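Enquirer: Sharing run.json, JSON, C-alpha atoms:
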```json
[["chain", "number", "residue", "atom", "x", "y", "z"],
["Y", 1, "MET", "CA", -50.89, -33.10, -65.90],
["Y", 2, "ALA", "CA", -51.39, -36.57, -64.50],
["Y", 3, "THR", "CA", -48.41, -36.15, -62.21],
["Y", 4, "ASP", "CA", -49.96, -33.27, -60.27],
["Y", 5, "ALA", "CA", -51.25, -35.61, -57.57],
["Y", 6, "LEU", "CA", -47.68, -36.73, -56.87],
["Y", 7, "VAL", "CA", -46.33, -33.21, -56.37],
["Y", 8, "ARG", "CA", -46.18, -32.12, -52.73],
["Y", 9, "HIS", "CA", -47.82, -28.80, -51.95],
["Y", 10, "HIS", "CA", -44.56, -26.92, -51.35],
["Y", 11, "PHE", "CA", -43.32, -27.61, -54.88],
["Y", 12, "ASP", "CA", -44.57, -25.86, -58.01],
["Y", 13, "THR", "CA", -43.85, -28.64, -60.48],
["Y", 14, "ALA", "CA", -42.87, -32.30, -60.56],
["Y", 15, "GLU", "CA", -39.60, -31.22, -62.16],
["Y", 16, "GLN", "CA", -38.76, -28.87, -59.30],
["Y", 17, "GLN", "CA", -39.61, -31.61, -56.81],
["Y", 18, "GLU", "CA", -37.33, -34.09, -58.55],
["Y", 19, "GLU", "CA", -34.46, -31.60, -58.76],
["Y", 20, "SER", "CA", -34.78, -30.89, -55.05],
["Y", 21, "SER", "CA", -34.64, -34.61, -54.26],
["Y", 22, "THR", "CA", -31.56, -35.07, -56.42],
["Y", 23, "LEU", "CA", -29.81, -32.10, -54.83],
["Y", 24, "GLY", "CA", -30.70, -33.32, -51.35],
["Y", 25, "MET", "CA", -29.29, -36.76, -52.13],
["Y", 26, "TRP", "CA", -26.08, -35.19, -53.40],
["Y", 27, "VAL", "CA", -25.75, -33.17, -50.18],
["Y", 28, "PHE", "CA", -25.99, -36.46, -48.28],
["Y", 29, "LEU", "CA", -23.39, -38.01, -50.58],
["Y", 30, "LEU", "CA", -21.09, -35.02, -49.93],
["Y", 31, "THR", "CA", -21.19, -35.85, -46.22],
["Y", 32, "GLU", "CA", -20.27, -39.41, -47.25],
["Y", 33, "ILE", "CA", -17.36, -38.09, -49.31],
["Y", 34, "MET", "CA", -16.14, -36.18, -46.24],
["Y", 35, "PHE", "CA", -16.56, -39.28, -44.08],
["Y", 36, "PHE", "CA", -14.48, -41.46, -46.41],
["Y", 37, "ALA", "CA", -12.06, -38.59, -47.09],
["Y", 38, "GLY", "CA", -11.06, -38.67, -43.43],
["Y", 39, "MET", "CA", -9.91, -42.27, -43.85],
["Y", 40, "PHE", "CA", -8.26, -41.57, -47.20],
["Y", 41, "GLY", "CA", -6.47, -38.68, -45.48],
["Y", 42, "GLY", "CA", -5.21, -40.96, -42.71],
["Y", 43, "TYR", "CA", -4.05, -43.43, -45.32],
["Y", 44, "THR", "CA", -2.22, -40.62, -47.16],
["Y", 45, "VAL", "CA", -0.35, -39.57, -44.00],
["Y", 46, "TYR", "CA", 0.80, -43.07, -43.07],
["Y", 47, "ARG", "CA", 1.76, -44.05, -46.58],
["Y", 48, "ASN", "CA", 3.96, -40.96, -46.73],
["Y", 49, "ILE", "CA", 5.62, -41.74, -43.40],
["Y", 50, "TYR", "CA", 6.13, -45.47, -44.12],
["Y", 51, "PRO", "CA", 6.17, -45.89, -47.91],
["Y", 52, "ASP", "CA", 8.33, -49.05, -47.92],
["Y", 53, "ALA", "CA", 6.35, -50.86, -45.22],
["Y", 54, "PHE", "CA", 3.06, -49.98, -46.88],
["Y", 55, "GLY", "CA", 4.38, -51.04, -50.28],
["Y", 56, "SER", "CA", 5.45, -54.39, -48.86],
["Y", 57, "THR", "CA", 1.88, -55.25, -47.81],
["Y", 58, "SER", "CA", 0.51, -55.31, -51.35],
["Y", 59, "ARG", "CA", 2.36, -58.63, -51.78],
["Y", 60, "TYR", "CA", -0.07, -60.16, -49.30],
["Y", 61, "MET", "CA", -3.21, -58.73, -50.87],
["Y", 62, "ASN", "CA", -5.23, -61.03, -53.10],
["Y", 63, "VAL", "CA", -5.18, -58.96, -56.30],
["Y", 64, "THR", "CA", -7.20, -61.56, -58.23],
["Y", 65, "LEU", "CA", -10.10, -61.39, -55.79],
["Y", 66, "GLY", "CA", -9.77, -57.61, -55.52],
["Y", 67, "ALA", "CA", -9.91, -57.19, -59.29],
["Y", 68, "LEU", "CA", -12.79, -59.66, -59.53],
["Y", 69, "ASN", "CA", -14.68, -57.67, -56.93],
["Y", 70, "THR", "CA", -14.02, -54.45, -58.85],
["Y", 71, "ALA", "CA", -15.53, -56.06, -61.95],
["Y", 72, "VAL", "CA", -18.51, -57.36, -59.94],
["Y", 73, "LEU", "CA", -19.18, -53.90, -58.55],
["Y", 74, "ILE", "CA", -18.89, -52.25, -61.97],
["Y", 75, "CYS", "CA", -21.39, -54.82, -63.33],
["Y", 76, "SER", "CA", -23.75, -53.96, -60.45],
["Y", 77, "SER", "CA", -23.45, -50.25, -61.24],
["Y", 78, "PHE", "CA", -24.30, -51.06, -64.85],
["Y", 79, "THR", "CA", -27.40, -53.06, -63.86],
["Y", 80, "MET", "CA", -28.38, -50.25, -61.44],
["Y", 81, "ALA", "CA", -28.13, -47.69, -64.23],
["Y", 82, "LEU", "CA", -30.34, -49.96, -66.36],
["Y", 83, "ALA", "CA", -32.80, -50.30, -63.45],
["Y", 84, "VAL", "CA", -33.14, -46.51, -63.25],
["Y", 85, "ARG", "CA", -33.60, -46.40, -67.01],
["Y", 86, "SER", "CA", -36.35, -49.06, -66.81],
["Y", 87, "ALA", "CA", -38.05, -47.02, -64.09],
["Y", 88, "GLN", "CA", -37.91, -43.90, -66.28],
["Y", 89, "LEU", "CA", -39.64, -45.81, -69.06],
["Y", 90, "GLY", "CA", -42.14, -47.43, -66.68],
["Y", 91, "TYR", "CA", -40.99, -51.00, -67.46],
["Y", 92, "LYS", "CA", -41.95, -52.71, -64.21],
["Y", 93, "ARG", "CA", -40.69, -56.20, -65.07],
["Y", 94, "ALA", "CA", -37.31, -54.96, -66.30],
["Y", 95, "LEU", "CA", -37.00, -52.71, -63.25],
["Y", 96, "ILE", "CA", -37.48, -55.65, -60.88],
["Y", 97, "ILE", "CA", -35.10, -57.88, -62.88],
["Y", 98, "PHE", "CA", -32.32, -55.27, -62.88],
["Y", 99, "LEU", "CA", -32.81, -54.47, -59.18],
["Y", 100, "VAL", "CA", -32.59, -58.18, -58.31],
["Y", 101, "LEU", "CA", -29.45, -58.50, -60.47],
["Y", 102, "THR", "CA", -27.90, -55.49, -58.72],
["Y", 103, "LEU", "CA", -28.73, -56.97, -55.33],
["Y", 104, "ALA", "CA", -27.31, -60.37, -56.35],
["Y", 105, "LEU", "CA", -24.06, -58.80, -57.57],
["Y", 106, "GLY", "CA", -23.82, -56.83, -54.33],
["Y", 107, "CYS", "CA", -24.13, -60.09, -52.40],
["Y", 108, "VAL", "CA", -21.44, -61.71, -54.60],
["Y", 109, "PHE", "CA", -19.16, -58.78, -53.75],
["Y", 110, "LEU", "CA", -19.77, -59.24, -50.03],
["Y", 111, "GLY", "CA", -19.20, -63.00, -50.35],
["Y", 112, "ILE", "CA", -15.84, -62.49, -52.05],
["Y", 113, "LYS", "CA", -14.97, -59.89, -49.42],
["Y", 114, "ALA", "CA", -15.74, -62.45, -46.70],
["Y", 115, "VAL", "CA", -13.40, -64.97, -48.39],
["Y", 116, "GLU", "CA", -10.65, -62.32, -48.38],
["Y", 117, "TYR", "CA", -11.23, -61.46, -44.72],
["Y", 118, "HIS", "CA", -11.01, -65.16, -43.91],
["Y", 119, "GLU", "CA", -7.67, -65.36, -45.76],
["Y", 120, "LYS", "CA", -6.36, -62.43, -43.74],
["Y", 121, "TRP", "CA", -7.51, -64.15, -40.55],
["Y", 122, "VAL", "CA", -5.78, -67.43, -41.48],
["Y", 123, "ASP", "CA", -2.59, -65.56, -42.46],
["Y", 124, "HIS", "CA", -2.53, -63.66, -39.13],
["Y", 125, "HIS", "CA", -2.85, -60.35, -40.94],
["Y", 126, "VAL", "CA", -5.60, -59.06, -38.66],
["Y", 127, "PRO", "CA", -4.14, -56.27, -36.46],
["Y", 128, "GLY", "CA", -3.93, -57.18, -32.80],
["Y", 129, "PRO", "CA", -2.09, -59.64, -30.55],
["Y", 130, "GLY", "CA", -2.25, -62.41, -33.16],
["Y", 131, "PHE", "CA", -0.67, -60.29, -35.91],
["Y", 132, "HIS", "CA", 2.27, -61.87, -37.68],
["Y", 133, "TYR", "CA", 4.28, -60.44, -40.57],
["Y", 134, "ASP", "CA", 6.96, -62.17, -42.62],
["Y", 135, "GLU", "CA", 9.20, -59.09, -42.68],
["Y", 136, "PRO", "CA", 9.83, -58.33, -38.97],
["Y", 137, "ARG", "CA", 11.31, -54.87, -39.60],
["Y", 138, "TYR", "CA", 7.95, -53.78, -41.09],
["Y", 139, "ALA", "CA", 5.71, -55.65, -38.64],
["Y", 140, "GLN", "CA", 4.57, -52.60, -36.63],
["Y", 141, "GLN", "CA", 4.05, -50.37, -39.64],
["Y", 142, "ALA", "CA", 2.38, -53.03, -41.76],
["Y", 143, "GLN", "CA", -0.11, -53.46, -38.94],
["Y", 144, "ILE", "CA", -1.21, -49.84, -39.49],
["Y", 145, "LEU", "CA", -1.85, -50.58, -43.15],
["Y", 146, "PHE", "CA", -3.87, -53.69, -42.30],
["Y", 147, "PHE", "CA", -5.83, -51.68, -39.75],
["Y", 148, "LEU", "CA", -6.61, -49.12, -42.48],
["Y", 149, "TYR", "CA", -7.44, -51.99, -44.85],
["Y", 150, "PHE", "CA", -10.03, -53.39, -42.46],
["Y", 151, "ALA", "CA", -11.38, -49.97, -41.48],
["Y", 152, "MET", "CA", -11.79, -48.76, -45.07],
["Y", 153, "THR", "CA", -13.02, -51.98, -46.70],
["Y", 154, "GLY", "CA", -15.14, -52.65, -43.59],
["Y", 155, "MET", "CA", -16.87, -49.27, -43.80],
["Y", 156, "HIS", "CA", -17.29, -49.83, -47.52],
["Y", 157, "ALA", "CA", -18.80, -53.29, -46.90],
["Y", 158, "LEU", "CA", -21.15, -51.76, -44.33],
["Y", 159, "HIS", "CA", -22.32, -49.31, -46.99],
["Y", 160, "MET", "CA", -22.88, -52.27, -49.33],
["Y", 161, "ILE", "CA", -24.98, -54.02, -46.68],
["Y", 162, "VAL", "CA", -27.07, -50.85, -46.21],
["Y", 163, "GLY", "CA", -27.35, -50.65, -50.01],
["Y", 164, "ALA", "CA", -28.56, -54.26, -50.16],
["Y", 165, "GLY", "CA", -31.29, -53.38, -47.65],
["Y", 166, "LEU", "CA", -32.29, -50.34, -49.71],
["Y", 167, "LEU", "CA", -32.40, -52.43, -52.90],
["Y", 168, "THR", "CA", -34.62, -55.01, -51.18],
["Y", 169, "THR", "CA", -36.99, -52.18, -50.21],
["Y", 170, "LEU", "CA", -37.02, -50.96, -53.82],
["Y", 171, "ILE", "CA", -37.81, -54.46, -55.12],
["Y", 172, "VAL", "CA", -40.76, -54.76, -52.73],
["Y", 173, "MET", "CA", -42.00, -51.27, -53.67],
["Y", 174, "ALA", "CA", -41.65, -52.04, -57.38],
["Y", 175, "ALA", "CA", -43.53, -55.33, -56.97],
["Y", 176, "ARG", "CA", -46.33, -53.38, -55.27],
["Y", 177, "ASN", "CA", -46.58, -51.04, -58.28],
["Y", 178, "ARG", "CA", -45.42, -48.01, -56.32],
["Y", 179, "PHE", "CA", -43.36, -46.63, -59.22],
["Y", 180, "SER", "CA", -44.34, -45.21, -62.57],
["Y", 181, "SER", "CA", -42.56, -43.27, -65.29],
["Y", 182, "ALA", "CA", -44.02, -40.16, -63.61],
["Y", 183, "TRP", "CA", -42.59, -40.95, -60.15],
["Y", 184, "TYR", "CA", -39.60, -43.18, -59.44],
["Y", 185, "THR", "CA", -37.52, -40.86, -57.22],
["Y", 186, "PRO", "CA", -36.44, -43.58, -54.71],
["Y", 187, "VAL", "CA", -35.01, -45.68, -57.56],
["Y", 188, "ASP", "CA", -33.11, -42.65, -58.83],
["Y", 189, "LEU", "CA", -31.71, -41.66, -55.42],
["Y", 190, "ILE", "CA", -30.74, -45.16, -54.26],
["Y", 191, "GLY", "CA", -29.08, -45.53, -57.67],
["Y", 192, "LEU", "CA", -26.96, -42.48, -56.83],
["Y", 193, "TYR", "CA", -26.05, -44.06, -53.48],
["Y", 194, "TRP", "CA", -25.10, -47.36, -55.13],
["Y", 195, "HIS", "CA", -22.88, -45.64, -57.70],
["Y", 196, "PHE", "CA", -21.22, -43.62, -54.95],
["Y", 197, "VAL", "CA", -20.32, -46.80, -53.07],
["Y", 198, "ASP", "CA", -18.90, -48.13, -56.35],
["Y", 199, "ILE", "CA", -16.69, -45.02, -56.66],
["Y", 200, "VAL", "CA", -15.31, -45.51, -53.15],
["Y", 201, "TRP", "CA", -14.23, -49.02, -54.14],
["Y", 202, "ILE", "CA", -12.74, -47.74, -57.42],
["Y", 203, "PHE", "CA", -10.30, -45.73, -55.26],
["Y", 204, "LEU", "CA", -9.80, -48.34, -52.54],
["Y", 205, "PHE", "CA", -8.77, -51.05, -55.00],
["Y", 206, "PRO", "CA", -5.60, -49.39, -56.43],
["Y", 207, "LEU", "CA", -4.62, -47.84, -53.09],
["Y", 208, "LEU", "CA", -4.83, -51.06, -51.07],
["Y", 209, "TYR", "CA", -4.08, -53.77, -53.63],
["Y", 210, "LEU", "CA", -2.03, -52.39, -56.50],
["Y", 211, "ILE", "CA", 0.41, -49.75, -55.31],
["Y", 212, "GLY", "CA", 3.73, -51.30, -54.39],
["Y", 213, "ARG", "CA", 3.27, -54.50, -56.42],
["Y", 214, "THR", "CA", 6.48, -53.84, -58.36],
["Y", 215, "ARG", "CA", 8.64, -53.71, -55.25],
["W", 1, "MET", "CA", -39.47, -35.53, -66.12],
["W", 2, "SER", "CA", -36.32, -33.52, -66.59],
["W", 3, "HIS", "CA", -34.11, -36.52, -67.31],
["W", 4, "ASN", "CA", -33.92, -37.72, -70.86],
["W", 5, "VAL", "CA", -33.80, -41.48, -71.22],
["W", 6, "VAL", "CA", -30.25, -42.45, -72.11],
["W", 7, "PRO", "CA", -29.85, -45.17, -74.76],
["W", 8, "VAL", "CA", -28.64, -48.54, -73.44],
["W", 9, "ARG", "CA", -25.72, -48.24, -75.88],
["W", 10, "VAL", "CA", -24.28, -45.32, -73.87],
["W", 11, "TYR", "CA", -24.41, -47.26, -70.60],
["W", 12, "LEU", "CA", -22.88, -50.29, -72.32],
["W", 13, "ILE", "CA", -19.96, -48.24, -73.68],
["W", 14, "VAL", "CA", -19.33, -46.69, -70.25],
["W", 15, "PHE", "CA", -19.51, -50.15, -68.66],
["W", 16, "LEU", "CA", -17.02, -51.62, -71.15],
["W", 17, "GLY", "CA", -14.77, -48.60, -70.65],
["W", 18, "LEU", "CA", -14.78, -49.15, -66.89],
["W", 19, "ILE", "CA", -13.92, -52.84, -67.31],
["W", 20, "ALA", "CA", -11.13, -51.99, -69.78],
["W", 21, "LEU", "CA", -9.68, -49.41, -67.38],
["W", 22, "THR", "CA", -9.79, -51.96, -64.54],
["W", 23, "ILE", "CA", -7.85, -54.49, -66.63],
["W", 24, "THR", "CA", -5.39, -51.75, -67.62],
["W", 25, "THR", "CA", -4.73, -50.66, -64.05],
["W", 26, "VAL", "CA", -4.14, -54.26, -62.90],
["W", 27, "LEU", "CA", -1.72, -54.94, -65.79],
["W", 28, "VAL", "CA", 0.16, -51.65, -65.39],
["W", 29, "SER", "CA", 0.60, -52.25, -61.66],
["W", 30, "LYS", "CA", 2.95, -55.13, -62.53],
["W", 31, "VAL", "CA", 5.18, -52.95, -64.73],
["W", 32, "GLN", "CA", 8.13, -51.22, -63.09],
["W", 33, "LEU", "CA", 7.46, -47.50, -63.51],
["W", 34, "GLY", "CA", 8.81, -46.18, -60.20],
["W", 35, "GLU", "CA", 6.88, -43.16, -58.95],
["W", 36, "TYR", "CA", 4.69, -43.28, -62.03],
["W", 37, "ASN", "CA", 2.97, -46.51, -60.88],
["W", 38, "PHE", "CA", 1.12, -44.44, -58.28],
["W", 39, "ILE", "CA", 0.35, -41.63, -60.70],
["W", 40, "VAL", "CA", -0.99, -44.02, -63.36],
["W", 41, "ALA", "CA", -3.10, -45.96, -60.84],
["W", 42, "MET", "CA", -4.64, -42.76, -59.45],
["W", 43, "THR", "CA", -5.20, -41.25, -62.90],
["W", 44, "ILE", "CA", -7.08, -44.38, -63.99],
["W", 45, "ALA", "CA", -9.10, -44.33, -60.74],
["W", 46, "VAL", "CA", -10.05, -40.67, -61.32],
["W", 47, "MET", "CA", -11.04, -41.51, -64.92],
["W", 48, "LYS", "CA", -13.23, -44.40, -63.75],
["W", 49, "GLY", "CA", -14.79, -42.29, -61.00],
["W", 50, "SER", "CA", -15.52, -39.48, -63.46],
["W", 51, "LEU", "CA", -17.21, -41.89, -65.89],
["W", 52, "VAL", "CA", -19.47, -43.17, -63.10],
["W", 53, "VAL", "CA", -20.30, -39.65, -61.85],
["W", 54, "TRP", "CA", -20.87, -38.18, -65.29],
["W", 55, "PHE", "CA", -22.88, -40.96, -66.96],
["W", 56, "PHE", "CA", -24.20, -43.42, -64.36],
["W", 57, "MET", "CA", -25.05, -40.70, -61.83],
["W", 58, "HIS", "CA", -26.49, -38.48, -64.59],
["W", 59, "VAL", "CA", -24.50, -35.40, -63.64],
["W", 60, "ASN", "CA", -24.31, -34.72, -67.40],
["W", 61, "GLN", "CA", -28.09, -34.09, -67.18],
["W", 62, "SER", "CA", -28.12, -32.37, -63.79],
["W", 63, "THR", "CA", -28.97, -28.77, -63.05],
["W", 64, "SER", "CA", -26.12, -26.28, -62.60],
["W", 65, "LEU", "CA", -26.86, -26.14, -58.88],
["W", 66, "THR", "CA", -26.40, -29.91, -58.47],
["W", 67, "ARG", "CA", -23.19, -29.77, -60.51],
["W", 68, "LEU", "CA", -21.89, -26.99, -58.29],
["W", 69, "PHE", "CA", -22.54, -29.13, -55.21],
["W", 70, "VAL", "CA", -20.84, -32.16, -56.75],
["W", 71, "ALA", "CA", -17.82, -30.09, -57.74],
["W", 72, "ALA", "CA", -17.68, -28.51, -54.27],
["W", 73, "GLY", "CA", -17.60, -31.96, -52.65],
["W", 74, "PHE", "CA", -14.69, -33.21, -54.71],
["W", 75, "PHE", "CA", -12.91, -29.86, -54.45],
["W", 76, "TRP", "CA", -13.18, -30.07, -50.66],
["W", 77, "MET", "CA", -11.60, -33.52, -50.75],
["W", 78, "ALA", "CA", -8.81, -32.19, -52.99],
["W", 79, "ILE", "CA", -8.10, -29.42, -50.45],
["W", 80, "LEU", "CA", -7.86, -32.01, -47.69],
["W", 81, "ILE", "CA", -5.40, -34.24, -49.55],
["W", 82, "VAL", "CA", -3.31, -31.40, -51.00],
["W", 83, "PHE", "CA", -2.88, -29.68, -47.64],
["W", 84, "ILE", "CA", -2.02, -32.94, -45.89],
["W", 85, "LEU", "CA", 0.61, -33.64, -48.56],
["W", 86, "SER", "CA", 2.00, -30.10, -48.49],
["W", 87, "ASP", "CA", 2.61, -30.64, -44.80],
["W", 88, "TYR", "CA", 3.97, -34.18, -44.74],
["W", 89, "LEU", "CA", 5.96, -34.03, -47.97],
["W", 90, "SER", "CA", 7.78, -30.86, -46.94],
["W", 91, "ARG", "CA", 8.78, -32.08, -43.47],
["W", 92, "GLY", "CA", 11.98, -33.70, -44.68],
["W", 93, "TRP", "CA", 13.17, -30.52, -46.37],
["W", 94, "PRO", "CA", 16.33, -28.79, -45.14],
["W", 95, "GLY", "CA", 15.61, -26.61, -42.14],
["W", 96, "ALA", "CA", 12.19, -28.22, -41.58],
["W", 97, "ALA", "CA", 11.18, -29.63, -38.21],
["W", 98, "PRO", "CA", 11.89, -33.37, -37.97],
["W", 99, "LEU", "CA", 9.03, -35.77, -38.66],
["W", 100, "ARG", "CA", 6.75, -36.83, -35.75]]
```
Can you give me the file's structure in the form of structure tokens?
Expert:
Amino acid sequence: MATDALVRHHFDTAEQQEESSTLGMWVFLLTEIMFFAGMFGGYTVYRNIYPDAFGSTSRYMNVTLGALNTAVLICSSFTMALAVRSAQLGYKRALIIFLVLTLALGCVFLGIKAVEYHEKWVDHHVPGPGFHYDEPRYAQQAQILFFLYFAMTGMHALHMIVGAGLLTTLIVMAARNRFSSAWYTPVDLIGLYWHFVDIVWIFLFPLLYLIGRTR
Amino acid sequence: MSHNVVPVRVYLIVFLGLIALTITTVLVSKVQLGEYNFIVAMTIAVMKGSLVVWFFMHVNQSTSLTRLFVAAGFFWMAILIVFILSDYLSRGWPGAAPLR
């Protein structure tokens, strides 16, 4: 087997090595699930204590930009899946093109996010001394929601920035012919990471933007 | 390699499904459904997440061990949310200690 040279000595086969890498990546992603679950848990508690105040904030969320960003991220997951597929088949050119597309879409997401943050800043919806809310009776409680908004989307954006760095590394590695159809584990694993970050946003979007719109 | 190459068609269908579900959840959020707005939004989010995990993250091709780990992760999160809710939702019940 041509792949034997790529198998580390403590593995019997390339297949076993790949399965171990995948499992290891999933264990890391489980710690990420727990990390984000803490924030989702905090959100759950406060939404249950102050349902009306939390519902009132969705009026001030930019649903158009949020939905656009959801679509952008889904597109990037699609191009990432195609990048992994290209790596499986050993198509170097396609791999680089799809990785660059994924990176570009990730940057578009972050750009739109920055526009939203700027809006929040201009509207005085950033928690702190400058916070202002149109419905005074909800001002204190709405501030908690906006704090959670910035904490959750901020941590998500940080994961996107890390992902962008990882994608850049992959592009350089791919350009240097480091991958083949016999070994492309980094592409596979960073793909898993990218999809995970997409899933976090899939839950953040309805929770922060959509719930309470009918009030 | 253990992974079979998935046809582009499959990824395309999943992608279109995800976009369709996103449009659906945005449209439904405008409709007055009371408590069901939340349930519909979360159901659609779980459907979208499952599509990504199952197809994009190749869990449909994973080993049983990996699947067990994935399931354990989401099950752990379910325990967290369910136990938080069982506490906070029941606090207003007759005879329960007052909130906060």
Enquirer: Near chain Y, meaning an atom within 6 Å, which residues of chain W appear when counting only C-alpha atoms? Write them as a PyMOL selection string.
Expert: chain W and resi 1-2+29-30+32+45+49+56-57+66+73
Enquirer: Point out the residue among Y:Ile97, Y:Leu145, Y:Leu65, Y:Val122 with the least atom-to-atom distance to Leu208 in chain Y, counting only C-alpha atoms.
Expert: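 When distances to Leu208 in chain Y are compared using only C-alpha atoms, the smallest one comes from Y:Leu145.
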Enquirer: Select, from Y:Asn62, Y:Thr57, Y:Thr153, Y:Thr168, the residue with the minimum atom-to-atom distance to Ala104 in chain Y, counting all atoms listed in the file.
Expert: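 Looking only at the distances to Ala104 in chain Y, the closest residue turns out to be Y:Thr168.
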Enquirer: What does the distance from CA of Phe146 in chain Y to CA of Gly92 in chain W come to in Å, to one decimal?
Expert: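 Computing it gives 25.6 Å between the two atoms.
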Enquirer: What gap, in Å, lies between CA of Lys48 in chain W and CA of Ile144 in chain Y?
Expert: 27.6 Å
Enquirer: In terms of the shortest atom-to-atom distance over all atoms listed in the file, which of Y:Phe98, Y:Val197, Y:Lys92, Y:Asp12 is closest to Met152 in chain Y?
Expert: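 Comparing Y:Phe98, Y:Val197, Y:Lys92, Y:Asp12 against Met152 in chain Y, the winner is Y:Val197.
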Enquirer: Report the distance between CA of Trp76 in chain W and CA of Tyr43 in chain Y in Å, rounded to one decimal place.
Expert: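 Separation of CA of Trp76 in chain W and CA of Tyr43 in chain Y: 17.0 Å.
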